[in-house]
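K.L.:
Input file: final13.txt. Contents: compact mmCIF, C-alpha atoms.
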# COMPACT_ATOMS: atom_id res chain seq x y z
CA MET A 1 -16.09 33.12 -31.22
CA THR A 2 -13.19 31.00 -30.12
CA ALA A 3 -13.77 27.37 -29.31
CA THR A 4 -12.99 26.36 -25.77
CA GLN A 5 -9.67 24.57 -25.66
CA ILE A 6 -10.14 21.32 -23.80
CA PRO A 7 -6.92 19.55 -22.88
CA SER A 8 -6.71 15.87 -23.64
CA PRO A 9 -7.90 13.82 -20.69
CA ARG A 10 -4.58 12.19 -19.99
CA SER A 11 -2.56 15.28 -19.35
CA LYS A 12 -2.28 18.81 -18.14
CA ASP A 13 -0.78 19.67 -21.51
CA THR A 14 -2.08 18.61 -24.92
CA SER A 15 0.38 15.87 -25.81
CA GLY A 16 -2.18 13.12 -25.19
CA LYS A 17 0.24 11.20 -23.03
CA ILE A 18 0.12 10.43 -19.32
CA ALA A 19 0.62 13.56 -17.23
CA PRO A 20 4.23 13.79 -16.07
CA GLU A 21 3.39 13.43 -12.38
CA TYR A 22 1.83 10.02 -13.09
CA ARG A 23 4.47 8.71 -15.45
CA ARG A 24 6.67 6.00 -14.03
CA THR A 25 10.37 6.70 -14.16
CA GLY A 26 12.75 4.06 -15.39
CA SER A 27 13.72 1.07 -13.33
CA SER A 28 16.48 1.29 -10.75
CA ARG A 29 17.92 -2.12 -10.07
CA GLY A 30 20.23 -3.11 -7.27
CA ASN A 31 19.87 -4.99 -4.05
CA PHE A 32 19.98 -2.01 -1.68
CA GLU A 33 16.25 -1.99 -0.90
CA MET A 34 16.29 -5.74 -0.36
CA LEU A 35 19.26 -5.52 2.00
CA ALA A 36 17.66 -2.59 3.84
CA TRP A 37 14.47 -4.64 4.25
CA LEU A 38 16.46 -7.60 5.54
CA PHE A 39 18.51 -5.40 7.88
CA MET A 40 15.34 -3.99 9.45
CA ARG A 41 14.12 -7.48 10.35
CA LEU A 42 17.44 -8.83 11.62
CA SER A 43 18.47 -5.71 13.55
CA GLY A 44 14.97 -5.56 15.04
CA VAL A 45 15.33 -9.05 16.51
CA VAL A 46 18.83 -8.31 17.86
CA LEU A 47 17.68 -4.96 19.29
CA VAL A 48 14.89 -6.62 21.27
CA VAL A 49 17.53 -8.73 23.05
CA LEU A 50 19.99 -5.83 23.48
CA ILE A 51 17.45 -3.31 24.76
CA PHE A 52 15.64 -5.61 27.17
CA GLY A 53 19.01 -6.90 28.43
CA HIS A 54 20.09 -3.27 28.91
CA LEU A 55 16.89 -2.38 30.78
CA PHE A 56 17.08 -5.51 32.93
CA VAL A 57 20.69 -4.96 33.99
CA ASN A 58 20.27 -1.23 34.61
CA LEU A 59 16.87 -1.11 36.27
CA LEU A 60 16.15 -4.46 37.91
CA VAL A 61 19.37 -6.19 38.95
CA GLY A 62 20.78 -5.41 42.42
CA GLU A 63 19.60 -2.09 43.81
CA GLY A 64 17.88 -1.45 40.51
CA ILE A 65 17.09 2.06 39.44
CA HIS A 66 18.52 3.61 42.64
CA ALA A 67 22.01 2.40 41.78
CA ILE A 68 22.22 4.47 38.58
CA ASP A 69 24.62 7.36 38.81
CA PHE A 70 27.80 8.52 37.12
CA GLY A 71 29.80 5.86 38.88
CA PHE A 72 27.46 3.09 37.69
CA VAL A 73 27.90 4.11 34.05
CA ALA A 74 31.65 4.52 34.54
CA GLY A 75 31.81 1.04 36.03
CA LYS A 76 29.94 -0.49 33.12
CA TRP A 77 32.16 1.16 30.52
CA ALA A 78 35.27 -0.12 32.24
CA ASP A 79 34.16 -3.58 31.09
CA PRO A 80 34.79 -4.38 27.37
CA PHE A 81 31.66 -6.58 27.37
CA TRP A 82 29.39 -3.63 28.16
CA GLN A 83 31.38 -1.40 25.81
CA PHE A 84 30.62 -3.83 23.00
CA TRP A 85 26.98 -4.21 24.13
CA ASP A 86 26.38 -0.46 24.14
CA LEU A 87 28.27 0.01 20.87
CA ALA A 88 26.11 -2.66 19.16
CA MET A 89 23.00 -1.05 20.61
CA LEU A 90 24.04 2.40 19.42
CA TRP A 91 24.89 1.34 15.88
CA LEU A 92 21.95 -0.98 15.36
CA ALA A 93 19.40 1.39 16.90
CA MET A 94 20.70 4.37 14.93
CA LEU A 95 20.82 2.52 11.60
CA HIS A 96 17.46 0.85 12.24
CA GLY A 97 15.86 4.17 13.14
CA THR A 98 17.52 6.03 10.27
CA ASN A 99 16.33 3.45 7.77
CA GLY A 100 12.83 3.69 9.21
CA VAL A 101 12.77 7.48 8.86
CA ARG A 102 14.28 7.13 5.38
CA THR A 103 11.33 4.97 4.29
CA ILE A 104 8.90 7.43 5.87
CA ILE A 105 10.54 10.28 3.93
CA ASN A 106 10.37 8.21 0.74
CA ASP A 107 6.68 7.51 1.37
CA TYR A 108 5.56 10.98 2.38
CA ALA A 109 7.78 13.54 0.64
CA GLU A 110 6.09 14.51 -2.59
CA LYS A 111 8.83 16.43 -4.35
CA ASP A 112 12.21 14.92 -5.23
CA SER A 113 14.07 17.97 -3.91
CA THR A 114 12.22 17.84 -0.55
CA ARG A 115 12.99 14.15 -0.36
CA PHE A 116 16.67 14.70 -1.10
CA TRP A 117 17.20 17.45 1.49
CA LEU A 118 15.22 15.72 4.23
CA LYS A 119 17.38 12.65 3.72
CA MET A 120 20.59 14.72 3.78
CA VAL A 121 19.55 16.23 7.14
CA LEU A 122 18.72 12.74 8.40
CA TYR A 123 22.05 11.24 7.30
CA ALA A 124 24.02 14.16 8.77
CA ALA A 125 22.25 13.81 12.13
CA THR A 126 22.81 10.05 12.10
CA ALA A 127 26.50 10.42 11.30
CA VAL A 128 27.04 12.97 14.10
CA ILE A 129 25.29 10.82 16.71
CA ILE A 130 27.00 7.56 15.69
CA ILE A 131 30.48 9.15 15.62
CA LEU A 132 30.00 11.03 18.88
CA GLY A 133 28.51 7.99 20.60
CA THR A 134 31.29 5.70 19.44
CA LEU A 135 33.91 8.21 20.61
CA VAL A 136 32.26 8.49 24.03
CA ILE A 137 32.13 4.72 24.52
CA PHE A 138 35.83 4.21 23.65
CA THR A 139 37.45 7.36 25.00
CA PHE A 140 35.39 7.60 28.18
CA ASN A 141 37.55 8.48 31.17
CA PRO A 142 35.79 8.70 34.54
CA CYS A 143 38.69 10.54 36.16
CA PRO A 144 39.79 13.21 33.69
CA VAL A 145 42.79 15.29 34.54
CA VAL A 146 42.63 18.85 33.23
CA ASP A 147 45.77 21.04 33.41
CA GLY A 148 47.31 18.69 35.93
CA VAL A 149 44.31 19.03 38.27
CA GLN A 150 42.02 16.08 38.85
CA LEU A 151 38.36 16.94 38.43
CA PRO A 152 36.25 16.20 41.51
CA GLY A 153 34.64 12.75 41.80
CA GLY A 154 34.42 10.68 44.92
CA PHE A 155 34.93 7.33 43.21
CA CYS A 156 38.27 8.17 41.60
CA PRO A 157 41.44 6.85 43.23
CA ALA A 158 43.30 9.75 44.83
CA MET B 1 -38.29 2.56 -19.94
CA SER B 2 -40.75 3.11 -17.18
CA ALA B 3 -39.02 3.70 -13.92
CA GLU B 4 -41.30 2.43 -11.22
CA LEU B 5 -42.34 -0.93 -12.59
CA ALA B 6 -44.30 -2.78 -9.94
CA GLU B 7 -42.92 -6.14 -8.93
CA PRO B 8 -44.77 -8.87 -10.83
CA ALA B 9 -47.25 -10.74 -8.69
CA SER B 10 -46.04 -14.02 -7.33
CA LYS B 11 -47.25 -17.09 -9.17
CA VAL B 12 -47.20 -19.11 -5.95
CA GLU B 13 -50.13 -18.68 -3.59
CA LEU B 14 -48.71 -17.68 -0.23
CA PRO B 15 -50.61 -17.86 3.06
CA ALA B 16 -51.59 -14.51 4.53
CA HIS B 17 -49.10 -14.63 7.44
CA VAL B 18 -46.14 -14.77 5.05
CA GLY B 19 -47.10 -11.32 3.80
CA GLY B 20 -46.82 -9.94 0.30
CA GLY B 21 -45.12 -12.63 -1.70
CA GLY B 22 -42.09 -11.34 -3.57
CA GLU B 23 -42.40 -7.89 -2.12
CA ILE B 24 -39.02 -6.34 -1.48
CA PRO B 25 -38.66 -3.69 1.20
CA THR B 26 -37.71 -0.21 0.04
CA PHE B 27 -35.74 2.44 1.85
CA ASP B 28 -34.56 5.97 1.24
CA ILE B 29 -30.89 6.71 0.80
CA THR B 30 -28.74 9.72 0.09
CA LEU B 31 -25.95 9.06 -2.38
CA ARG B 32 -23.16 11.66 -2.16
CA VAL B 33 -21.25 11.51 -5.43
CA ARG B 34 -17.89 13.18 -6.06
CA ARG B 35 -18.31 15.22 -9.23
CA TYR B 36 -15.50 16.57 -11.40
CA ASN B 37 -15.81 18.02 -14.85
CA PRO B 38 -12.70 19.79 -16.15
CA GLU B 39 -14.76 21.43 -18.91
CA VAL B 40 -16.73 23.34 -16.26
CA SER B 41 -14.41 23.70 -13.30
CA GLU B 42 -11.04 22.49 -12.06
CA GLU B 43 -12.62 22.05 -8.64
CA ALA B 44 -14.32 18.79 -7.69
CA ARG B 45 -17.55 18.98 -5.69
CA TRP B 46 -20.04 16.74 -3.90
CA ASP B 47 -23.57 16.20 -5.24
CA ASP B 48 -26.29 14.66 -3.06
CA PHE B 49 -29.01 12.50 -4.60
CA LYS B 50 -32.01 11.31 -2.59
CA LEU B 51 -33.30 8.00 -3.88
CA THR B 52 -35.77 5.29 -2.92
CA MET B 53 -34.10 1.94 -3.46
CA TYR B 54 -35.01 -1.71 -2.97
CA GLY B 55 -33.38 -4.07 -0.51
CA THR B 56 -31.84 -6.04 -3.37
CA ASP B 57 -30.21 -3.00 -5.00
CA ARG B 58 -26.50 -2.40 -5.22
CA VAL B 59 -24.60 0.89 -5.31
CA LEU B 60 -24.39 0.44 -9.07
CA ASP B 61 -28.21 0.31 -9.28
CA ALA B 62 -28.35 3.60 -7.39
CA LEU B 63 -25.84 5.14 -9.83
CA HIS B 64 -27.91 3.81 -12.75
CA LYS B 65 -31.03 5.32 -11.27
CA ILE B 66 -29.26 8.69 -10.98
CA LYS B 67 -27.85 8.54 -14.49
CA TRP B 68 -31.04 7.30 -16.16
CA GLU B 69 -33.64 9.26 -14.19
CA VAL B 70 -32.09 12.18 -12.30
CA ASP B 71 -28.87 13.54 -13.78
CA GLY B 72 -27.61 12.08 -17.03
CA SER B 73 -24.27 13.87 -16.73
CA VAL B 74 -23.04 11.61 -13.92
CA SER B 75 -20.21 9.57 -15.41
CA PHE B 76 -18.90 6.22 -14.29
CA ARG B 77 -17.49 3.05 -15.86
CA ARG B 78 -19.23 -0.28 -15.80
CA SER B 79 -19.42 -3.13 -18.24
CA CYS B 80 -20.71 -6.47 -17.03
CA ALA B 81 -22.24 -5.14 -13.79
CA HIS B 82 -21.76 -8.57 -12.18
CA GLY B 83 -18.33 -8.41 -10.57
CA VAL B 84 -16.40 -10.01 -13.42
CA CYS B 85 -15.06 -7.23 -15.64
CA GLY B 86 -13.62 -5.03 -12.89
CA SER B 87 -14.70 -1.74 -14.48
CA ASP B 88 -16.62 -0.15 -11.62
CA ALA B 89 -14.12 -0.08 -8.77
CA MET B 90 -14.79 3.06 -6.74
CA ARG B 91 -14.34 4.41 -3.24
CA ILE B 92 -17.62 3.74 -1.41
CA ASN B 93 -17.82 5.14 2.12
CA GLY B 94 -14.02 5.51 2.05
CA ARG B 95 -13.35 1.91 1.02
CA ASN B 96 -12.46 0.60 -2.41
CA ARG B 97 -15.29 -1.62 -3.61
CA LEU B 98 -16.93 -2.75 -6.83
CA ALA B 99 -20.19 -0.80 -7.09
CA CYS B 100 -21.81 -3.90 -8.62
CA LYS B 101 -20.93 -6.09 -5.64
CA THR B 102 -21.85 -3.70 -2.82
CA LEU B 103 -25.43 -4.04 -1.60
CA LEU B 104 -26.96 -0.82 -0.31
CA LYS B 105 -28.51 -2.66 2.64
CA ASP B 106 -25.03 -3.61 3.84
CA LEU B 107 -24.08 0.08 4.13
CA ASP B 108 -25.22 2.55 6.77
CA THR B 109 -28.27 4.02 5.01
CA SER B 110 -28.99 6.48 7.84
CA LYS B 111 -26.06 8.61 6.65
CA PRO B 112 -25.21 9.73 3.12
CA ILE B 113 -23.29 7.07 1.20
CA THR B 114 -20.20 8.66 -0.34
CA VAL B 115 -19.03 7.52 -3.76
CA GLU B 116 -15.66 8.79 -5.04
CA PRO B 117 -13.28 7.79 -7.81
CA ILE B 118 -10.43 5.48 -6.76
CA LYS B 119 -7.44 7.41 -5.43
CA GLY B 120 -3.95 7.85 -6.84
CA LEU B 121 -4.93 7.85 -10.51
CA PRO B 122 -5.76 10.96 -12.55
CA VAL B 123 -9.50 11.65 -12.57
CA GLU B 124 -10.93 12.26 -16.03
CA LYS B 125 -14.55 12.93 -15.12
CA ASP B 126 -16.67 12.21 -12.04
CA LEU B 127 -15.91 8.58 -11.14
CA ILE B 128 -13.80 7.81 -14.20
CA VAL B 129 -10.03 7.69 -13.74
CA ASP B 130 -7.24 7.20 -16.24
CA MET B 131 -6.08 3.61 -15.73
CA GLU B 132 -2.98 4.01 -17.92
CA PRO B 133 -0.43 4.42 -15.06
CA PHE B 134 -1.92 1.29 -13.49
CA PHE B 135 -1.56 -0.75 -16.69
CA GLN B 136 1.91 0.65 -17.28
CA SER B 137 3.29 -1.15 -14.21
CA PHE B 138 1.12 -4.18 -15.04
CA ARG B 139 2.80 -4.47 -18.44
CA GLU B 140 6.26 -4.10 -16.89
CA VAL B 141 5.99 -7.43 -15.05
CA MET B 142 5.33 -9.24 -18.35
CA PRO B 143 1.98 -10.83 -17.44
CA PHE B 144 2.09 -13.58 -20.08
CA LEU B 145 3.46 -17.10 -20.33
CA ILE B 146 7.13 -17.30 -21.32
CA ASN B 147 8.25 -20.84 -22.06
CA LYS B 148 11.66 -21.58 -23.46
CA GLY B 149 10.97 -25.23 -24.36
CA HIS B 150 9.59 -26.58 -27.59
CA GLU B 151 6.03 -25.66 -28.31
CA PRO B 152 3.90 -28.68 -27.46
CA THR B 153 1.43 -30.07 -29.96
CA LYS B 154 -1.21 -30.36 -27.22
CA GLU B 155 -1.96 -28.20 -24.21
CA ARG B 156 0.73 -27.76 -21.54
CA LEU B 157 -0.27 -30.16 -18.79
CA GLN B 158 0.17 -29.30 -15.14
CA SER B 159 -0.53 -31.24 -11.96
CA ALA B 160 -3.33 -30.11 -9.68
CA GLU B 161 -0.77 -29.32 -6.96
CA ASP B 162 1.28 -27.14 -9.30
CA ARG B 163 -1.88 -25.31 -10.33
CA GLU B 164 -2.91 -24.85 -6.70
CA ARG B 165 0.36 -23.02 -5.97
CA PHE B 166 -0.78 -19.83 -7.76
CA ASP B 167 -4.54 -20.39 -7.80
CA ASP B 168 -5.29 -17.39 -5.59
CA THR B 169 -3.58 -14.85 -7.84
CA THR B 170 -5.32 -16.11 -11.01
CA LYS B 171 -8.53 -14.53 -9.72
CA CYS B 172 -7.41 -10.93 -10.40
CA ILE B 173 -9.78 -8.91 -12.61
CA LEU B 174 -7.54 -5.80 -12.83
CA CYS B 175 -10.10 -3.50 -11.24
CA ALA B 176 -7.30 -1.48 -9.53
CA ALA B 177 -9.12 -1.53 -6.18
CA CYS B 178 -5.95 -2.84 -4.49
CA THR B 179 -3.40 -0.55 -6.11
CA SER B 180 -5.54 2.55 -5.57
CA SER B 181 -6.06 1.64 -1.89
CA CYS B 182 -2.31 1.48 -1.27
CA PRO B 183 -0.94 4.50 0.64
CA VAL B 184 2.51 3.97 -0.87
CA PHE B 185 1.01 4.18 -4.37
CA TRP B 186 -0.83 7.39 -3.43
CA THR B 187 2.46 9.20 -2.71
CA ASP B 188 3.99 9.43 -6.15
CA GLY B 189 2.57 6.52 -8.18
CA GLN B 190 6.07 5.13 -8.70
CA TYR B 191 5.45 1.94 -6.70
CA PHE B 192 4.58 -1.06 -8.90
CA GLY B 193 1.44 -1.55 -6.85
CA PRO B 194 -0.25 -4.69 -5.50
CA ALA B 195 -2.02 -5.60 -8.76
CA ALA B 196 1.19 -5.77 -10.81
CA ILE B 197 2.87 -7.90 -8.12
CA VAL B 198 -0.17 -10.21 -7.91
CA ASN B 199 -0.03 -10.75 -11.67
CA ALA B 200 3.72 -11.33 -11.54
CA HIS B 201 3.12 -13.85 -8.72
CA ARG B 202 0.66 -15.68 -10.97
CA PHE B 203 3.48 -16.45 -13.43
CA ILE B 204 6.48 -16.63 -11.06
CA PHE B 205 4.93 -19.62 -9.29
CA ASP B 206 3.54 -21.23 -12.47
CA SER B 207 5.51 -24.44 -13.14
CA ARG B 208 5.03 -23.99 -16.92
CA ASP B 209 6.66 -20.55 -16.94
CA ASP B 210 10.42 -20.08 -17.41
CA ALA B 211 10.81 -16.33 -16.83
CA GLY B 212 10.27 -16.30 -13.05
CA ASP B 213 13.82 -15.08 -12.42
CA MET B 214 13.35 -12.22 -14.86
CA ARG B 215 10.15 -11.11 -13.12
CA LEU B 216 11.78 -11.38 -9.69
CA GLU B 217 14.61 -9.20 -10.97
CA ILE B 218 12.07 -6.62 -12.19
CA LEU B 219 10.30 -6.60 -8.82
CA ASN B 220 13.61 -6.29 -6.92
CA ASP B 221 13.44 -2.67 -8.04
CA LYS B 222 13.65 0.38 -5.77
CA GLU B 223 9.91 0.76 -6.45
CA GLY B 224 9.24 -2.97 -6.34
CA VAL B 225 8.08 -5.30 -3.57
CA TRP B 226 10.31 -3.68 -0.94
CA ARG B 227 8.09 -0.58 -0.88
CA CYS B 228 5.24 -2.72 0.47
CA ARG B 229 4.59 -1.70 4.10
CA THR B 230 2.16 -4.58 4.74
CA THR B 231 -0.74 -2.28 5.65
CA PHE B 232 -3.15 -4.91 4.25
CA ASN B 233 -5.27 -2.21 2.52
CA CYS B 234 -4.99 -4.22 -0.70
CA SER B 235 -6.17 -7.52 0.80
CA GLU B 236 -9.05 -5.64 2.40
CA ALA B 237 -9.99 -3.92 -0.86
CA CYS B 238 -9.79 -6.90 -3.22
CA PRO B 239 -13.32 -7.73 -4.44
CA ARG B 240 -12.13 -11.22 -5.39
CA GLY B 241 -10.80 -12.01 -1.94
CA ILE B 242 -7.21 -12.48 -3.13
CA GLN B 243 -4.73 -12.56 -0.24
CA VAL B 244 -2.74 -9.78 -1.91
CA THR B 245 -0.39 -8.98 0.99
CA GLN B 246 0.45 -12.69 1.30
CA ALA B 247 1.22 -12.88 -2.42
CA ILE B 248 3.56 -9.88 -2.09
CA ALA B 249 5.25 -11.54 0.90
CA GLU B 250 5.75 -14.72 -1.14
CA VAL B 251 7.41 -12.71 -3.91
CA LYS B 252 9.70 -11.06 -1.30
CA GLN B 253 10.62 -14.53 0.01
CA ALA B 254 11.33 -15.74 -3.52
CA ILE B 255 13.64 -12.80 -4.25
CA LEU B 256 15.46 -13.27 -0.93
CA SER B 257 15.96 -17.02 -1.33
CA ARG B 258 17.20 -16.48 -4.88
CA LYS B 259 19.74 -13.81 -3.85
CA ILE B 260 21.03 -15.41 -0.66
Let me see the structure of the file written as structure tokens.
P.N.:
Amino acid sequence: MTATQIPSPRSKDTSGKIAPEYRRTGSSRGNFEMLAWLFMRLSGVVLVVLIFGHLFVNLLVGEGIHAIDFGFVAGKWADPFWQFWDLAMLWLAMLHGTNGVRTIINDYAEKDSTRFWLKMVLYAATAVIIILGTLVIFTFNPCPVVDGVQLPGGFCPA
Amino acid sequence: MSAELAEPASKVELPAHVGGGGEIPTFDITLRVRRYNPEVSEEARWDDFKLTMYGTDRVLDALHKIKWEVDGSVSFRRSCAHGVCGSDAMRINGRNRLACKTLLKDLDTSKPITVEPIKGLPVEKDLIVDMEPFFQSFREVMPFLINKGHEPTKERLQSAEDRERFDDTTKCILCAACTSSCPVFWTDGQYFGPAAIVNAHRFIFDSRDDAGDMRLEILNDKEGVWRCRTTFNCSEACPRGIQVTQAIAEVKQAILSRKI
């Protein structure tokens, strides 16, 4: 009769040590997490001002929501002040949101490989949106000319 | 030991309208205990125990009654049974509590009272968990006095104000109720956990200690204070009423003001 093999209580194997999934890995120093934490707070405060300013100017001032059309956006982006405002909003909101999702992935992904790939997808998406958005803000042309023909648009000078 | 010892008669003569002197009301409860025995099965299960308990009884008394009179195989830790040693932290009705400090009458006795081991640590049997991962991060913050000066011939004196600064975090009994209530700790157990930070706080803000900077550097880790999401589970779970989340916030402030 063979005796029942009972593993030591601290492990799935018989080494008598803490099971690997509960063992703490070595320390990883550096100020990145501190700076990320600080960035979340600071960007959050700035974003409150930027977003409510954005909503106020777009939806409440003048004719309010009825004034929004292609021409309204084109008019705003002709002004460097609003270019800078929207650029700051884009960058801060994207980085703030990305960092938030990064912490959620860190908190909820259980396997290191899942965590790594989810974060790679996140960073790729963030990079695409930030680059595209920045390009749009700075290269925006309300009256594009394609093959020598001006595209239709009532507000463009003839 | 006889189980149903009658309450001793009161030595004080009470008037009839006061009722039975010293008589404690009894009520029936169902205790639903999470059972796990790796020698029998890898699967954990729930066992229900119907008990008649007194109004002065705690969850620990109900567990004692089960172990001593109903099912001796029920396993749990307890030492002092009076809220000092911190051995019997468990998840009672979904909240981390000390079984010896939770009165049954304060719980909803109309429904089964669930008792589970604390979460996030490996269960060894029934309500007993392996505390080693918890103590591992506790040891990492160096929870002992480090003083670089000459050793005094008398005790190290400290003003009442200096002592007050870290009074709250001296109350910790290392029961792990806070750390095992933390959702960040549940994920992968890499986070230092509230208890380790509380015990670091106790020395960081001690005027007699000289290694505060070293402890702040340790807690400025990827898995250090910055993983705290301020969900306040730890403050809610602490049986000693330590303002754990506030202590963590104070450590964050100390790291920030030191770096910037």
K.L.:
Looking at B:Ala237, B:Met142, B:Cys228, B:Cys85, which one is nearest to chain A, with distances taken over all atoms listed in the file?
P.N.:
B:Cys228
K.L.:
Could you give me, as CSV, a per-residue list for chain B showing, wherever an atom lies at most 10 Å from an atom of chain A, the closest pair of atoms and their distance in Å to one decimal, using all atoms listed in the file and sorting by chain then residue number from low to high?
P.N.:
residue,atom,partner,partner_atom,distance
B:Pro38,CA,A:Ile6,CA,8.2
B:Glu39,CA,A:Ile6,CA,6.7
B:Gly120,CA,A:Tyr22,CA,8.8
B:Leu121,CA,A:Tyr22,CA,7.6
B:Pro122,CA,A:Arg10,CA,7.6
B:Val123,CA,A:Pro9,CA,8.6
B:Glu124,CA,A:Pro9,CA,5.8
B:Lys125,CA,A:Pro9,CA,8.7
B:Val129,CA,A:Arg10,CA,9.4
B:Asp130,CA,A:Arg10,CA,6.8
B:Met131,CA,A:Arg10,CA,9.7
B:Glu132,CA,A:Ile18,CA,7.3
B:Pro133,CA,A:Tyr22,CA,6.4
B:Phe134,CA,A:Tyr22,CA,9.5
B:Gln136,CA,A:Arg24,CA,7.9
B:Ser137,CA,A:Arg24,CA,7.9
B:Glu140,CA,A:Ser27,CA,9.7
B:Pro183,CA,A:Asp107,CA,8.2
B:Val184,CA,A:Asp107,CA,5.9
B:Phe185,CA,A:Asp107,CA,8.7
B:Trp186,CA,A:Asp107,CA,8.9
B:Thr187,CA,A:Asp107,CA,6.1
B:Asp188,CA,A:Glu110,CA,6.5
B:Gly189,CA,A:Tyr22,CA,6.1
B:Gln190,CA,A:Arg24,CA,5.4
B:Tyr191,CA,A:Arg24,CA,8.5
B:Phe192,CA,A:Arg24,CA,9.0
B:Glu217,CA,A:Arg29,CA,7.9
B:Ile218,CA,A:Arg29,CA,7.7
B:Leu219,CA,A:Arg29,CA,8.9
B:Asn220,CA,A:Arg29,CA,6.8
B:Asp221,CA,A:Arg29,CA,4.9
B:Lys222,CA,A:Ser28,CA,5.8
B:Glu223,CA,A:Ser28,CA,7.9
B:Gly224,CA,A:Glu33,CA,8.9
B:Val225,CA,A:Met34,CA,8.8
B:Trp226,CA,A:Glu33,CA,6.2
B:Arg227,CA,A:Thr103,CA,8.2
B:Arg229,CA,A:Thr103,CA,9.5
B:Lys252,CA,A:Met34,CA,8.5
B:Ile255,CA,A:Met34,CA,8.5
B:Leu256,CA,A:Met34,CA,7.6
B:Lys259,CA,A:Asn31,CA,8.8
K.L.:
Determine, counting only C-alpha atoms, which protein, DNA and RNA residues have an atom within 8 Å of an atom of A:Ile137; residues of the same chain fewer than 2 positions away are not included. Present the result as a PDB file with C-alpha atoms, keeping the file's coordinate frame.
P.N.:
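This is the output file part.pdb:
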ATOM      1  CA  TRP A  77      32.160   1.160  30.520  1.00  0.00           C
ATOM      2  CA  GLN A  83      31.380  -1.400  25.810  1.00  0.00           C
ATOM      3  CA  ASP A  86      26.380  -0.460  24.140  1.00  0.00           C
ATOM      4  CA  LEU A  87      28.270   0.010  20.870  1.00  0.00           C
ATOM      5  CA  GLY A 133      28.510   7.990  20.600  1.00  0.00           C
ATOM      6  CA  THR A 134      31.290   5.700  19.440  1.00  0.00           C
ATOM      7  CA  LEU A 135      33.910   8.210  20.610  1.00  0.00           C
ATOM      8  CA  THR A 139      37.450   7.360  25.000  1.00  0.00           C
ATOM      9  CA  PHE A 140      35.390   7.600  28.180  1.00  0.00           C
TER      10      PHE A 140
END
K.L.:
Box for stretch 192-202 of chain B: with edges along x, y and z, all listed atoms inside and 3 Å added on each side, what are the centre and edge lengths in Å to one decimal, as lines of an AutoDock Vina configuration file?
P.N.:
center_x = 1.3
center_y = -8.4
center_z = -8.6
size_x = 12.6
size_y = 20.6
size_z = 12.2
K.L.:
As an exercise, work out the distance from atom CA of B:Thr52 to atom CA of B:Phe27 in Å and give it to one decimal place.
P.N.:
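So the two atoms, atom CA of B:Thr52 and atom CA of B:Phe27, lie 5.6 Å apart.
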K.L.:
Please return stretch 118-129 of chain A, rebuilt to N, CA and C atoms, as a short mmCIF file (atom, residue, chain, number, x, y, z; two decimals), in the coordinates of the input.
P.N.:
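Heads up, here's the output in rebuild-v3.cif:
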data_model
loop_
_atom_site.label_atom_id
_atom_site.label_comp_id
_atom_site.auth_asym_id
_atom_site.auth_seq_id
_atom_site.Cartn_x
_atom_site.Cartn_y
_atom_site.Cartn_z
N LEU A 118 15.60 16.36 2.97
CA LEU A 118 15.22 15.72 4.23
C LEU A 118 16.16 14.56 4.54
N LYS A 119 16.51 13.80 3.50
CA LYS A 119 17.38 12.65 3.72
C LYS A 119 18.80 13.11 4.06
N MET A 120 19.24 14.21 3.45
CA MET A 120 20.59 14.72 3.78
C MET A 120 20.65 15.14 5.25
N VAL A 121 19.60 15.84 5.73
CA VAL A 121 19.55 16.23 7.14
C VAL A 121 19.58 14.98 8.02
N LEU A 122 18.80 13.99 7.63
CA LEU A 122 18.72 12.74 8.40
C LEU A 122 20.08 12.07 8.48
N TYR A 123 20.77 11.94 7.32
CA TYR A 123 22.05 11.24 7.30
C TYR A 123 23.09 12.01 8.11
N ALA A 124 23.06 13.35 8.01
CA ALA A 124 24.02 14.16 8.77
C ALA A 124 23.81 13.94 10.27
N ALA A 125 22.55 14.00 10.71
CA ALA A 125 22.25 13.81 12.13
C ALA A 125 22.70 12.43 12.59
N THR A 126 22.43 11.42 11.76
CA THR A 126 22.81 10.05 12.10
C THR A 126 24.33 9.94 12.24
N ALA A 127 25.04 10.51 11.28
CA ALA A 127 26.50 10.42 11.30
C ALA A 127 27.05 11.08 12.57
N VAL A 128 26.55 12.27 12.91
CA VAL A 128 27.04 12.97 14.10
C VAL A 128 26.81 12.11 15.34
N ILE A 129 25.62 11.57 15.49
CA ILE A 129 25.29 10.82 16.71
C ILE A 129 26.11 9.52 16.78
#
